[in-house]
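> Contents of target-v4.pdb (PDB, C-alpha atoms, pLDDT in the B column) are given next:
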```pdb
ATOM      1  CA  MET A   1      55.489  72.834 107.346  1.00 45.00           C
ATOM      2  CA  GLU A   2      58.802  72.441 109.152  1.00 61.00           C
ATOM      3  CA  ASN A   3      60.490  75.668 110.226  1.00 88.00           C
ATOM      4  CA  ARG A   4      64.190  76.075 109.389  1.00 92.00           C
ATOM      5  CA  TYR A   5      64.819  77.074 113.009  1.00 95.00           C
ATOM      6  CA  ASP A   6      62.862  74.221 114.648  1.00 95.00           C
ATOM      7  CA  ARG A   7      65.935  72.549 116.159  1.00 94.00           C
ATOM      8  CA  GLN A   8      67.094  75.681 117.987  1.00 95.00           C
ATOM      9  CA  LEU A   9      63.550  76.732 118.872  1.00 94.00           C
ATOM     10  CA  MET A  10      63.412  73.554 120.969  1.00 95.00           C
ATOM     11  CA  LEU A  11      66.129  74.946 123.226  1.00 96.00           C
ATOM     12  CA  PRO A  12      64.902  76.849 126.301  1.00 96.00           C
ATOM     13  CA  GLU A  13      67.898  79.171 125.869  1.00 96.00           C
ATOM     14  CA  ILE A  14      66.465  80.332 122.530  1.00 96.00           C
ATOM     15  CA  GLY A  15      62.815  79.479 121.950  1.00 95.00           C
ATOM     16  CA  LYS A  16      60.474  81.860 120.132  1.00 95.00           C
ATOM     17  CA  GLU A  17      61.622  84.931 122.040  1.00 97.00           C
ATOM     18  CA  GLY A  18      65.279  84.230 121.349  1.00 97.00           C
ATOM     19  CA  GLN A  19      64.538  83.664 117.690  1.00 97.00           C
ATOM     20  CA  ARG A  20      62.767  87.006 117.558  1.00 97.00           C
ATOM     21  CA  LYS A  21      65.828  88.647 119.075  1.00 98.00           C
ATOM     22  CA  LEU A  22      68.049  86.938 116.513  1.00 98.00           C
ATOM     23  CA  SER A  23      65.878  88.150 113.649  1.00 97.00           C
ATOM     24  CA  GLU A  24      66.155  91.728 114.927  1.00 98.00           C
ATOM     25  CA  ALA A  25      69.889  91.601 115.671  1.00 98.00           C
ATOM     26  CA  LYS A  26      72.530  93.423 113.618  1.00 98.00           C
ATOM     27  CA  VAL A  27      76.053  92.009 113.670  1.00 98.00           C
ATOM     28  CA  LEU A  28      79.139  93.358 111.918  1.00 98.00           C
ATOM     29  CA  ILE A  29      81.890  90.857 111.096  1.00 98.00           C
ATOM     30  CA  VAL A  30      85.249  92.465 110.386  1.00 98.00           C
ATOM     31  CA  GLY A  31      87.323  90.018 108.385  1.00 97.00           C
ATOM     32  CA  ALA A  32      85.967  87.471 105.917  1.00 97.00           C
ATOM     33  CA  GLY A  33      88.789  84.965 106.124  1.00 95.00           C
ATOM     34  CA  GLY A  34      89.403  81.882 108.233  1.00 95.00           C
ATOM     35  CA  LEU A  35      87.574  83.192 111.304  1.00 97.00           C
ATOM     36  CA  GLY A  36      84.948  85.192 109.474  1.00 97.00           C
ATOM     37  CA  SER A  37      83.896  82.198 107.381  1.00 97.00           C
ATOM     38  CA  PRO A  38      82.482  80.049 110.218  1.00 97.00           C
ATOM     39  CA  VAL A  39      81.215  83.087 112.140  1.00 98.00           C
ATOM     40  CA  ALA A  40      79.216  84.375 109.179  1.00 98.00           C
ATOM     41  CA  THR A  41      77.957  80.929 108.169  1.00 98.00           C
ATOM     42  CA  TYR A  42      76.599  80.017 111.596  1.00 98.00           C
ATOM     43  CA  LEU A  43      75.084  83.422 112.291  1.00 98.00           C
ATOM     44  CA  ALA A  44      73.318  83.354 108.933  1.00 98.00           C
ATOM     45  CA  GLY A  45      72.120  79.818 109.574  1.00 97.00           C
ATOM     46  CA  ALA A  46      70.822  80.815 113.006  1.00 97.00           C
ATOM     47  CA  GLY A  47      68.767  83.631 111.485  1.00 97.00           C
ATOM     48  CA  VAL A  48      70.597  86.780 112.576  1.00 98.00           C
ATOM     49  CA  GLY A  49      68.546  89.378 110.747  1.00 97.00           C
ATOM     50  CA  ARG A  50      71.295  91.669 109.473  1.00 98.00           C
ATOM     51  CA  ILE A  51      74.927  90.715 108.961  1.00 98.00           C
ATOM     52  CA  GLY A  52      77.591  93.128 107.777  1.00 98.00           C
ATOM     53  CA  ILE A  53      80.872  91.820 106.385  1.00 98.00           C
ATOM     54  CA  VAL A  54      83.973  93.991 106.067  1.00 98.00           C
ATOM     55  CA  ASP A  55      87.007  92.948 104.010  1.00 97.00           C
ATOM     56  CA  ASP A  56      88.994  94.409 101.117  1.00 96.00           C
ATOM     57  CA  ASP A  57      90.709  91.201  99.987  1.00 96.00           C
ATOM     58  CA  LEU A  58      90.133  88.876  97.023  1.00 97.00           C
ATOM     59  CA  VAL A  59      89.507  85.142  97.030  1.00 95.00           C
ATOM     60  CA  SER A  60      92.781  83.236  96.711  1.00 96.00           C
ATOM     61  CA  ILE A  61      93.377  79.511  96.179  1.00 95.00           C
ATOM     62  CA  THR A  62      96.048  79.602  98.904  1.00 93.00           C
ATOM     63  CA  ASN A  63      93.384  80.531 101.455  1.00 93.00           C
ATOM     64  CA  LEU A  64      90.755  77.915 100.631  1.00 94.00           C
ATOM     65  CA  GLN A  65      92.173  75.423 103.116  1.00 94.00           C
ATOM     66  CA  ARG A  66      90.541  77.489 105.850  1.00 94.00           C
ATOM     67  CA  GLN A  67      88.293  80.102 104.190  1.00 95.00           C
ATOM     68  CA  ILE A  68      85.353  77.805 103.607  1.00 94.00           C
ATOM     69  CA  LEU A  69      82.921  80.457 102.358  1.00 96.00           C
ATOM     70  CA  TYR A  70      84.546  80.410  98.918  1.00 97.00           C
ATOM     71  CA  SER A  71      85.184  78.140  95.941  1.00 95.00           C
ATOM     72  CA  GLU A  72      87.941  77.753  93.365  1.00 97.00           C
ATOM     73  CA  ALA A  73      85.699  79.309  90.725  1.00 97.00           C
ATOM     74  CA  GLN A  74      85.629  82.566  92.721  1.00 96.00           C
ATOM     75  CA  GLU A  75      89.396  83.109  92.707  1.00 96.00           C
ATOM     76  CA  GLY A  76      90.194  86.789  92.208  1.00 96.00           C
ATOM     77  CA  SER A  77      86.696  87.966  93.160  1.00 97.00           C
ATOM     78  CA  PRO A  78      86.020  90.284  96.138  1.00 97.00           C
ATOM     79  CA  LYS A  79      85.525  88.210  99.263  1.00 97.00           C
ATOM     80  CA  VAL A  80      82.642  90.270 100.609  1.00 97.00           C
ATOM     81  CA  GLU A  81      80.568  89.866  97.456  1.00 97.00           C
ATOM     82  CA  CYS A  82      81.214  86.114  97.346  1.00 97.00           C
ATOM     83  CA  ALA A  83      80.396  85.835 101.039  1.00 97.00           C
ATOM     84  CA  ARG A  84      77.171  87.780 100.580  1.00 98.00           C
ATOM     85  CA  HIS A  85      76.094  85.480  97.734  1.00 97.00           C
ATOM     86  CA  ARG A  86      76.879  82.373  99.791  1.00 97.00           C
ATOM     87  CA  LEU A  87      75.094  83.558 102.934  1.00 98.00           C
ATOM     88  CA  LEU A  88      71.952  84.609 101.080  1.00 98.00           C
ATOM     89  CA  GLY A  89      71.989  81.214  99.385  1.00 97.00           C
ATOM     90  CA  LEU A  90      72.017  79.661 102.843  1.00 97.00           C
ATOM     91  CA  ASN A  91      69.307  81.943 104.248  1.00 97.00           C
ATOM     92  CA  SER A  92      67.454  84.274 101.893  1.00 96.00           C
ATOM     93  CA  SER A  93      65.367  85.746 104.714  1.00 96.00           C
ATOM     94  CA  ILE A  94      68.261  87.749 106.188  1.00 97.00           C
ATOM     95  CA  ARG A  95      70.041  90.922 105.052  1.00 98.00           C
ATOM     96  CA  VAL A  96      73.756  90.851 104.247  1.00 98.00           C
ATOM     97  CA  ASP A  97      75.746  94.082 103.830  1.00 98.00           C
ATOM     98  CA  ALA A  98      79.015  93.827 101.897  1.00 98.00           C
ATOM     99  CA  HIS A  99      81.616  96.452 102.865  1.00 98.00           C
ATOM    100  CA  ASN A 100      84.515  96.091 100.446  1.00 98.00           C
ATOM    101  CA  LEU A 101      87.038  98.167 102.361  1.00 97.00           C
ATOM    102  CA  ARG A 102      89.671  98.105 105.097  1.00 95.00           C
ATOM    103  CA  VAL A 103      88.769  99.358 108.557  1.00 97.00           C
ATOM    104  CA  SER A 104      90.613 102.492 109.612  1.00 96.00           C
ATOM    105  CA  ALA A 105      90.428 105.083 112.350  1.00 95.00           C
ATOM    106  CA  GLU A 106      88.676 107.359 109.859  1.00 97.00           C
ATOM    107  CA  ASN A 107      85.832 105.009 108.888  1.00 97.00           C
ATOM    108  CA  VAL A 108      85.376 102.722 111.891  1.00 98.00           C
ATOM    109  CA  ASP A 109      82.789 104.819 113.759  1.00 97.00           C
ATOM    110  CA  GLY A 110      80.535 104.984 110.718  1.00 96.00           C
ATOM    111  CA  LEU A 111      80.913 101.265 110.076  1.00 97.00           C
ATOM    112  CA  ILE A 112      79.944 100.084 113.534  1.00 98.00           C
ATOM    113  CA  ALA A 113      77.173 102.644 114.067  1.00 97.00           C
ATOM    114  CA  ASP A 114      74.418 100.545 112.472  1.00 96.00           C
ATOM    115  CA  TYR A 115      75.234  97.303 114.298  1.00 98.00           C
ATOM    116  CA  ASP A 116      74.622  95.973 117.809  1.00 97.00           C
ATOM    117  CA  ILE A 117      77.611  93.631 118.076  1.00 98.00           C
ATOM    118  CA  VAL A 118      80.990  93.662 116.334  1.00 98.00           C
ATOM    119  CA  VAL A 119      83.005  90.517 115.648  1.00 98.00           C
ATOM    120  CA  ASP A 120      86.769  90.865 115.373  1.00 98.00           C
ATOM    121  CA  ALA A 121      87.752  88.213 112.821  1.00 97.00           C
ATOM    122  CA  THR A 122      90.806  90.123 111.645  1.00 95.00           C
ATOM    123  CA  ASP A 123      94.397  88.963 111.330  1.00 90.00           C
ATOM    124  CA  ASN A 124      96.359  92.096 112.202  1.00 90.00           C
ATOM    125  CA  PHE A 125      97.112  93.987 115.390  1.00 93.00           C
ATOM    126  CA  SER A 126      96.520  97.512 114.117  1.00 94.00           C
ATOM    127  CA  THR A 127      92.912  96.838 113.066  1.00 95.00           C
ATOM    128  CA  ARG A 128      92.232  95.174 116.405  1.00 96.00           C
ATOM    129  CA  TYR A 129      93.259  98.311 118.279  1.00 97.00           C
ATOM    130  CA  VAL A 130      91.105 100.477 116.019  1.00 97.00           C
ATOM    131  CA  LEU A 131      88.064  98.226 116.472  1.00 98.00           C
ATOM    132  CA  SER A 132      88.525  97.936 120.216  1.00 97.00           C
ATOM    133  CA  ASP A 133      88.897 101.672 120.768  1.00 97.00           C
ATOM    134  CA  ALA A 134      85.795 102.411 118.690  1.00 98.00           C
ATOM    135  CA  CYS A 135      83.677  99.717 120.351  1.00 98.00           C
ATOM    136  CA  ALA A 136      84.789 100.807 123.816  1.00 97.00           C
ATOM    137  CA  ALA A 137      83.794 104.387 123.065  1.00 97.00           C
ATOM    138  CA  ALA A 138      80.416 103.264 121.688  1.00 97.00           C
ATOM    139  CA  ARG A 139      79.889 100.618 124.405  1.00 96.00           C
ATOM    140  CA  LYS A 140      79.325  97.931 121.798  1.00 97.00           C
ATOM    141  CA  PRO A 141      80.338  94.315 122.498  1.00 98.00           C
ATOM    142  CA  LEU A 142      83.440  93.245 120.566  1.00 98.00           C
ATOM    143  CA  VAL A 143      83.703  89.476 120.161  1.00 98.00           C
ATOM    144  CA  HIS A 144      87.436  89.089 119.677  1.00 98.00           C
ATOM    145  CA  GLY A 145      89.049  85.984 118.217  1.00 97.00           C
ATOM    146  CA  ALA A 146      92.628  85.220 117.268  1.00 95.00           C
ATOM    147  CA  ILE A 147      94.543  82.198 115.993  1.00 95.00           C
ATOM    148  CA  ASN A 148      98.086  81.020 115.420  1.00 92.00           C
ATOM    149  CA  ALA A 149      98.985  77.575 114.132  1.00 92.00           C
ATOM    150  CA  LEU A 150      97.065  75.228 116.475  1.00 95.00           C
ATOM    151  CA  ASP A 151      96.269  77.785 119.162  1.00 95.00           C
ATOM    152  CA  GLY A 152      93.337  80.159 119.484  1.00 96.00           C
ATOM    153  CA  CYS A 153      91.510  82.446 121.860  1.00 97.00           C
ATOM    154  CA  VAL A 154      88.153  84.230 122.216  1.00 98.00           C
ATOM    155  CA  SER A 155      86.984  87.030 124.488  1.00 98.00           C
ATOM    156  CA  VAL A 156      84.083  89.471 124.725  1.00 98.00           C
ATOM    157  CA  LEU A 157      85.562  92.939 125.127  1.00 98.00           C
ATOM    158  CA  CYS A 158      84.398  96.544 125.496  1.00 97.00           C
ATOM    159  CA  VAL A 159      81.270  95.956 127.591  1.00 95.00           C
ATOM    160  CA  GLY A 160      82.935  95.258 130.931  1.00 94.00           C
ATOM    161  CA  HIS A 161      86.291  96.735 131.878  1.00 96.00           C
ATOM    162  CA  ALA A 162      88.487  94.797 129.438  1.00 97.00           C
ATOM    163  CA  THR A 163      89.440  95.982 125.938  1.00 97.00           C
ATOM    164  CA  TYR A 164      92.058  94.821 123.474  1.00 97.00           C
ATOM    165  CA  ARG A 165      94.470  97.114 125.296  1.00 96.00           C
ATOM    166  CA  THR A 166      93.944  94.971 128.385  1.00 96.00           C
ATOM    167  CA  LEU A 167      95.399  92.043 126.445  1.00 95.00           C
ATOM    168  CA  TYR A 168      98.129  94.085 124.749  1.00 93.00           C
ATOM    169  CA  PRO A 169      98.674  97.352 126.649  1.00 92.00           C
ATOM    170  CA  ASP A 170     101.854  98.367 124.797  1.00 88.00           C
ATOM    171  CA  GLN A 171     100.596  99.185 121.304  1.00 91.00           C
ATOM    172  CA  GLU A 172     103.989 100.175 119.915  1.00 86.00           C
ATOM    173  CA  GLN A 173     105.604  96.933 121.029  1.00 88.00           C
ATOM    174  CA  THR A 174     102.640  94.862 119.831  1.00 85.00           C
ATOM    175  CA  LEU A 175     102.685  96.413 116.363  1.00 84.00           C
ATOM    176  CA  SER A 176     106.361  95.469 116.047  1.00 84.00           C
ATOM    177  CA  MET A 177     105.573  91.802 116.648  1.00 78.00           C
ATOM    178  CA  PRO A 178     105.454  89.310 113.716  1.00 74.00           C
ATOM    179  CA  HIS A 179     102.209  89.135 111.741  1.00 70.00           C
ATOM    180  CA  PRO A 180      99.820  86.828 113.640  1.00 62.00           C
ATOM    181  CA  GLY A 181      98.272  83.684 112.240  1.00 56.00           C
ATOM    182  CA  ARG A 182     100.410  83.136 109.121  1.00 71.00           C
ATOM    183  CA  ALA A 183     100.948  79.442 109.848  1.00 80.00           C
ATOM    184  CA  VAL A 184      97.665  77.715 110.562  1.00 85.00           C
ATOM    185  CA  VAL A 185      95.769  74.503 109.979  1.00 88.00           C
ATOM    186  CA  GLY A 186      92.225  75.004 108.711  1.00 91.00           C
ATOM    187  CA  VAL A 187      90.470  73.524 111.731  1.00 95.00           C
ATOM    188  CA  THR A 188      91.936  76.141 114.109  1.00 96.00           C
ATOM    189  CA  PRO A 189      89.872  79.056 112.761  1.00 96.00           C
ATOM    190  CA  ALA A 190      86.919  76.674 112.418  1.00 97.00           C
ATOM    191  CA  VAL A 191      86.990  75.941 116.151  1.00 98.00           C
ATOM    192  CA  VAL A 192      87.698  79.517 117.237  1.00 98.00           C
ATOM    193  CA  GLY A 193      85.226  81.064 114.788  1.00 98.00           C
ATOM    194  CA  SER A 194      82.511  78.692 115.973  1.00 98.00           C
ATOM    195  CA  VAL A 195      83.114  79.786 119.565  1.00 98.00           C
ATOM    196  CA  GLN A 196      82.908  83.417 118.462  1.00 98.00           C
ATOM    197  CA  ALA A 197      79.580  82.698 116.767  1.00 98.00           C
ATOM    198  CA  SER A 198      78.372  80.990 119.941  1.00 98.00           C
ATOM    199  CA  GLN A 199      79.305  84.067 121.970  1.00 98.00           C
ATOM    200  CA  VAL A 200      77.293  86.267 119.616  1.00 98.00           C
ATOM    201  CA  LEU A 201      74.237  84.027 120.020  1.00 98.00           C
ATOM    202  CA  GLN A 202      74.615  84.169 123.798  1.00 98.00           C
ATOM    203  CA  LEU A 203      74.846  87.945 123.787  1.00 98.00           C
ATOM    204  CA  ILE A 204      71.784  88.306 121.565  1.00 98.00           C
ATOM    205  CA  CYS A 205      69.561  85.779 123.320  1.00 98.00           C
ATOM    206  CA  GLY A 206      70.839  86.441 126.827  1.00 97.00           C
ATOM    207  CA  TYR A 207      71.650  82.924 127.997  1.00 97.00           C
ATOM    208  CA  GLY A 208      74.602  81.382 129.792  1.00 96.00           C
ATOM    209  CA  LYS A 209      77.729  83.255 130.840  1.00 97.00           C
ATOM    210  CA  PRO A 210      79.435  84.940 127.881  1.00 97.00           C
ATOM    211  CA  LEU A 211      83.185  85.531 127.960  1.00 98.00           C
ATOM    212  CA  ILE A 212      82.850  89.139 129.120  1.00 98.00           C
ATOM    213  CA  ASP A 213      86.167  90.203 130.680  1.00 97.00           C
ATOM    214  CA  ARG A 214      87.408  86.628 130.283  1.00 98.00           C
ATOM    215  CA  LEU A 215      89.759  85.034 127.755  1.00 98.00           C
ATOM    216  CA  TRP A 216      89.129  81.474 126.557  1.00 98.00           C
ATOM    217  CA  THR A 217      92.143  79.728 125.062  1.00 98.00           C
ATOM    218  CA  VAL A 218      92.523  76.415 123.265  1.00 97.00           C
ATOM    219  CA  ASN A 219      95.550  74.355 122.240  1.00 97.00           C
ATOM    220  CA  LEU A 220      94.539  71.858 119.561  1.00 96.00           C
ATOM    221  CA  ARG A 221      97.771  69.878 119.973  1.00 96.00           C
ATOM    222  CA  ASN A 222      96.625  68.507 123.305  1.00 96.00           C
ATOM    223  CA  MET A 223      93.057  69.880 123.585  1.00 96.00           C
ATOM    224  CA  GLN A 224      93.869  71.922 126.668  1.00 97.00           C
ATOM    225  CA  THR A 225      91.558  74.857 127.267  1.00 97.00           C
ATOM    226  CA  TYR A 226      91.659  77.598 129.873  1.00 97.00           C
ATOM    227  CA  ILE A 227      89.530  80.574 130.867  1.00 98.00           C
ATOM    228  CA  ILE A 228      91.522  83.512 132.189  1.00 97.00           C
ATOM    229  CA  GLU A 229      89.895  86.352 134.110  1.00 97.00           C
ATOM    230  CA  LEU A 230      90.974  89.704 132.644  1.00 96.00           C
TER     231      LEU A 230
END
```
Just give me the structure as structure tokens.

Amino acid sequence: MENRYDRQLMLPEIGKEGQRKLSEAKVLIVGAGGLGSPVATYLAGAGVGRIGIVDDDLVSITNLQRQILYSEAQEGSPKVECARHRLLGLNSSIRVDAHNLRVSAENVDGLIADYDIVVDATDNFSTRYVLSDACAAARKPLVHGAINALDGCVSVLCVGHATYRTLYPDQEQTLSMPHPGRAVVGVTPAVVGSVQASQVLQLICGYGKPLIDRLWTVNLRNMQTYIIEL
């Protein structure tokens, strides 16, 4: 009988040992929107054993151009419950935790405590600072991703020297900036979220050179990409 993971088991970077690590891994995804959709889908497909999803929003038709976890029929339903149903439909052998809430300084430590890796798939600066500070204190990898229009970036923070404050050291000034990512084409979060998912797989299985203390950027207008040392 063919194994659902046969194609990735063929890879020396994964193999049976990597698949075991994936099955034992616990990943928390904060944000179930444009970035969270591809991250959650590919991690579930790869067999990450426990996936937590945090979001307090509802499914909206205006978001379906990029939030591919959901359908029109789910409009008005909690995103995390719809995401959980979709991911278990994709892979019933994993566990999916639905956290229907907004991350805050008061609840963040409890949320991340049960997970090995945290994925920042949020769309606001304040939550990013909260996540980064908590992950830095707990020494948990934070796979950060951000998008705007046709631009995106990914970095692995909080396990080397770099945190979100390395990218944006002036919190007061940053919080006064316009809301990020309002204007966007659906493929931008698809590309960036897929790279975030790839970083998670690398961290779990231990292959390649993850973006620790480095920032990968992409411009989908001209397909220019850069890696910046932080």
> My list of candidates is A:Asn124, A:Met223, A:Tyr70, A:Leu35. Which is closest to Met177 (chain A) when distances are computed with all atoms listed in the file?
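Among the listed residues, A:Asn124 lies closest to Met177 (chain A).
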> A:Gly47, A:Gly160, A:Gly208, A:Gly89: which is nearest Ala25 (chain A), counting all atoms listed in the file?
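Closest to Ala25 (chain A) of all the choices is A:Gly47.
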> Run the PyMOL selection byres ((chain A and resi 148) around 9) against the file shown and list the residues it catches, as a VMD selection string.
chain A and resid 146 to 147 149 to 152 180 to 185 188 to 189
> Env of region 134-140 of chain A: 6 Å cut, atoms = only C-alpha atoms, seq-sep filter 4 positions within chain, self excluded. Answer as JSON, numbers by chain.
{"A": [117, 158, 159]}
> Can you spell out as a list in words the set of residues that the PyMOL selection byres ((chain A and resi 98) around 7) selects in the structure I just provided?
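In the shown coordinates, the PyMOL selection byres ((chain A and resi 98) around 7) covers Gly52, Ile53, Val54, Val80, Glu81, Arg84, Val96, Asp97, His99 and Asn100 of chain A.
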> With the cut-off set at 12 Å and counting all atoms listed in the file, tabulate each residue of region 16-79 of chain A with an atom at most that distance from an atom of region 104-110 of chain A, showing the nearest atom pair and its distance in Å to one decimal, ordered by chain and increasing number, as JSON lines.

```
{"residue": "A:Leu28", "atom": "CA", "partner": "A:Val108", "partner_atom": "CA", "distance": 11.3}
{"residue": "A:Val30", "atom": "CA", "partner": "A:Val108", "partner_atom": "CA", "distance": 10.4}
{"residue": "A:Val54", "atom": "CA", "partner": "A:Val108", "partner_atom": "CA", "distance": 10.6}
{"residue": "A:Asp55", "atom": "CA", "partner": "A:Ser104", "partner_atom": "CA", "distance": 11.6}
{"residue": "A:Asp56", "atom": "CA", "partner": "A:Ser104", "partner_atom": "CA", "distance": 11.8}
```
> Quick check on the file I pasted: which residues fall under the PyMOL selection byres ((chain A and resi 191) around 12)? Write them as a PyMOL selection string.
chain A and resi 34-39+66+145-147+150-154+185-190+192-198+216-220+223
> Of the candidates A:Asp123, A:Glu172, A:Asp116, A:Glu229, which shows the shortest atom-to-atom distance to Lys21 (chain A), using all atoms listed in the file?
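Using all atoms listed in the file, the shortest distance to Lys21 (chain A) belongs to A:Asp116.
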> Arg4 (chain A): which residues within 12 Å, counting only C-alpha atoms, same-chain residues fewer than 4 positions away excluded, as number ranges by chain?
A: 8-10, 19, 44-47, 90-93
> Would you mind reading off the distance between CA of Gln199 (chain A) and CA of Ile14 (chain A), one decimal, in Å?
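Taking CA of Gln199 (chain A) and CA of Ile14 (chain A), their separation equals 13.4 Å.
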> Would you mind telling me which residue in A:Gln202, A:Thr163, A:Thr122, A:Ser23 lies nearest to Asp57 (chain A) when using only C-alpha atoms?
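The answer is A:Thr122, which sits nearest to Asp57 (chain A).
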> For Phe125 (chain A), list every protein, DNA or RNA residue within 12 Å, evaluated using only C-alpha atoms, and leave out those in the same chain fewer than 6 positions away; present the list as a VMD selection string.
chain A and resid 131 to 132 144 to 146 164 to 165 167 to 181
> Which polymer residues have any atom within 8 Å of an atom of Leu215 (chain A), counting all atoms listed in the file, with same-chain residues fewer than 4 positions away left out, as number ranges by chain?
A: 153-156, 211, 226-230
> Generate a file of the selected residues that holds C-alpha atoms, formatted as a PDB file, in the coordinates of the input.

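The resulting file, selection13.pdb, is reproduced below:
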```
ATOM      1  CA  CYS A 153      91.510  82.446 121.860  1.00 97.00           C
ATOM      2  CA  VAL A 154      88.153  84.230 122.216  1.00 98.00           C
ATOM      3  CA  SER A 155      86.984  87.030 124.488  1.00 98.00           C
ATOM      4  CA  VAL A 156      84.083  89.471 124.725  1.00 98.00           C
ATOM      5  CA  LEU A 211      83.185  85.531 127.960  1.00 98.00           C
ATOM      6  CA  TYR A 226      91.659  77.598 129.873  1.00 97.00           C
ATOM      7  CA  ILE A 227      89.530  80.574 130.867  1.00 98.00           C
ATOM      8  CA  ILE A 228      91.522  83.512 132.189  1.00 97.00           C
ATOM      9  CA  GLU A 229      89.895  86.352 134.110  1.00 97.00           C
ATOM     10  CA  LEU A 230      90.974  89.704 132.644  1.00 96.00           C
TER      11      LEU A 230
END
```
> Give me, please, the distance in Å between CA of Asn3 (chain A) and CA of Arg20 (chain A), quoted to one decimal.
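Atom-to-atom, CA of Asn3 (chain A) and CA of Arg20 (chain A) are spaced 13.7 Å apart.
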> Need to verify the contact set: Ala73 (chain A), 12 Å, all atoms listed in the file, exclusion of same-chain residues closer than 5 positions in sequence. Can you return it as number ranges by chain?
A: 59-61, 64, 82
> Hey, could you pull the box centre and edge lengths for region 115-122 of chain A, axis-aligned, 3 Å padding per side, all listed atoms, to one decimal in Å, as JSON?

```
{"center_x": 82.7, "center_y": 92.8, "center_z": 114.9, "size_x": 22.2, "size_y": 15.1, "size_z": 12.4}
```
> Would you fill out region 196-201 of chain A with all heavy atoms and return it as a PDB file, keeping the file's coordinate frame?

```pdb
ATOM      1  N   GLN A 196      83.321  82.017 118.613  1.00 98.00           N
ATOM      2  CA  GLN A 196      82.908  83.417 118.462  1.00 98.00           C
ATOM      3  C   GLN A 196      81.429  83.512 118.095  1.00 98.00           C
ATOM      4  O   GLN A 196      80.694  84.338 118.652  1.00 98.00           O
ATOM      5  CB  GLN A 196      83.743  84.110 117.384  1.00 98.00           C
ATOM      6  CG  GLN A 196      85.162  84.433 117.792  1.00 98.00           C
ATOM      7  CD  GLN A 196      85.904  85.163 116.686  1.00 98.00           C
ATOM      8  OE1 GLN A 196      86.427  84.541 115.754  1.00 98.00           O
ATOM      9  NE2 GLN A 196      85.934  86.478 116.769  1.00 98.00           N
ATOM     10  N   ALA A 197      80.990  82.696 117.150  1.00 98.00           N
ATOM     11  CA  ALA A 197      79.580  82.698 116.767  1.00 98.00           C
ATOM     12  C   ALA A 197      78.691  82.340 117.952  1.00 98.00           C
ATOM     13  O   ALA A 197      77.630  82.943 118.165  1.00 98.00           O
ATOM     14  CB  ALA A 197      79.342  81.733 115.615  1.00 98.00           C
ATOM     15  N   SER A 198      79.129  81.377 118.754  1.00 98.00           N
ATOM     16  CA  SER A 198      78.372  80.990 119.941  1.00 98.00           C
ATOM     17  C   SER A 198      78.259  82.146 120.923  1.00 98.00           C
ATOM     18  O   SER A 198      77.191  82.365 121.530  1.00 98.00           O
ATOM     19  CB  SER A 198      79.053  79.794 120.621  1.00 98.00           C
ATOM     20  OG  SER A 198      78.372  79.423 121.804  1.00 98.00           O
ATOM     21  N   GLN A 199      79.341  82.912 121.079  1.00 98.00           N
ATOM     22  CA  GLN A 199      79.305  84.067 121.970  1.00 98.00           C
ATOM     23  C   GLN A 199      78.300  85.115 121.484  1.00 98.00           C
ATOM     24  O   GLN A 199      77.591  85.721 122.276  1.00 98.00           O
ATOM     25  CB  GLN A 199      80.696  84.686 122.083  1.00 98.00           C
ATOM     26  CG  GLN A 199      81.693  83.833 122.838  1.00 98.00           C
ATOM     27  CD  GLN A 199      81.278  83.623 124.284  1.00 98.00           C
ATOM     28  OE1 GLN A 199      81.213  84.557 125.080  1.00 98.00           O
ATOM     29  NE2 GLN A 199      80.973  82.386 124.632  1.00 98.00           N
ATOM     30  N   VAL A 200      78.248  85.317 120.173  1.00 98.00           N
ATOM     31  CA  VAL A 200      77.293  86.267 119.616  1.00 98.00           C
ATOM     32  C   VAL A 200      75.860  85.818 119.921  1.00 98.00           C
ATOM     33  O   VAL A 200      75.018  86.627 120.335  1.00 98.00           O
ATOM     34  CB  VAL A 200      77.495  86.429 118.100  1.00 98.00           C
ATOM     35  CG1 VAL A 200      76.380  87.296 117.496  1.00 98.00           C
ATOM     36  CG2 VAL A 200      78.854  87.052 117.799  1.00 98.00           C
ATOM     37  N   LEU A 201      75.580  84.535 119.735  1.00 98.00           N
ATOM     38  CA  LEU A 201      74.237  84.027 120.020  1.00 98.00           C
ATOM     39  C   LEU A 201      73.896  84.217 121.499  1.00 98.00           C
ATOM     40  O   LEU A 201      72.758  84.586 121.837  1.00 98.00           O
ATOM     41  CB  LEU A 201      74.136  82.551 119.642  1.00 98.00           C
ATOM     42  CG  LEU A 201      74.329  82.206 118.168  1.00 98.00           C
ATOM     43  CD1 LEU A 201      74.124  80.704 117.945  1.00 98.00           C
ATOM     44  CD2 LEU A 201      73.396  83.004 117.270  1.00 98.00           C
TER      45      LEU A 201
END
```
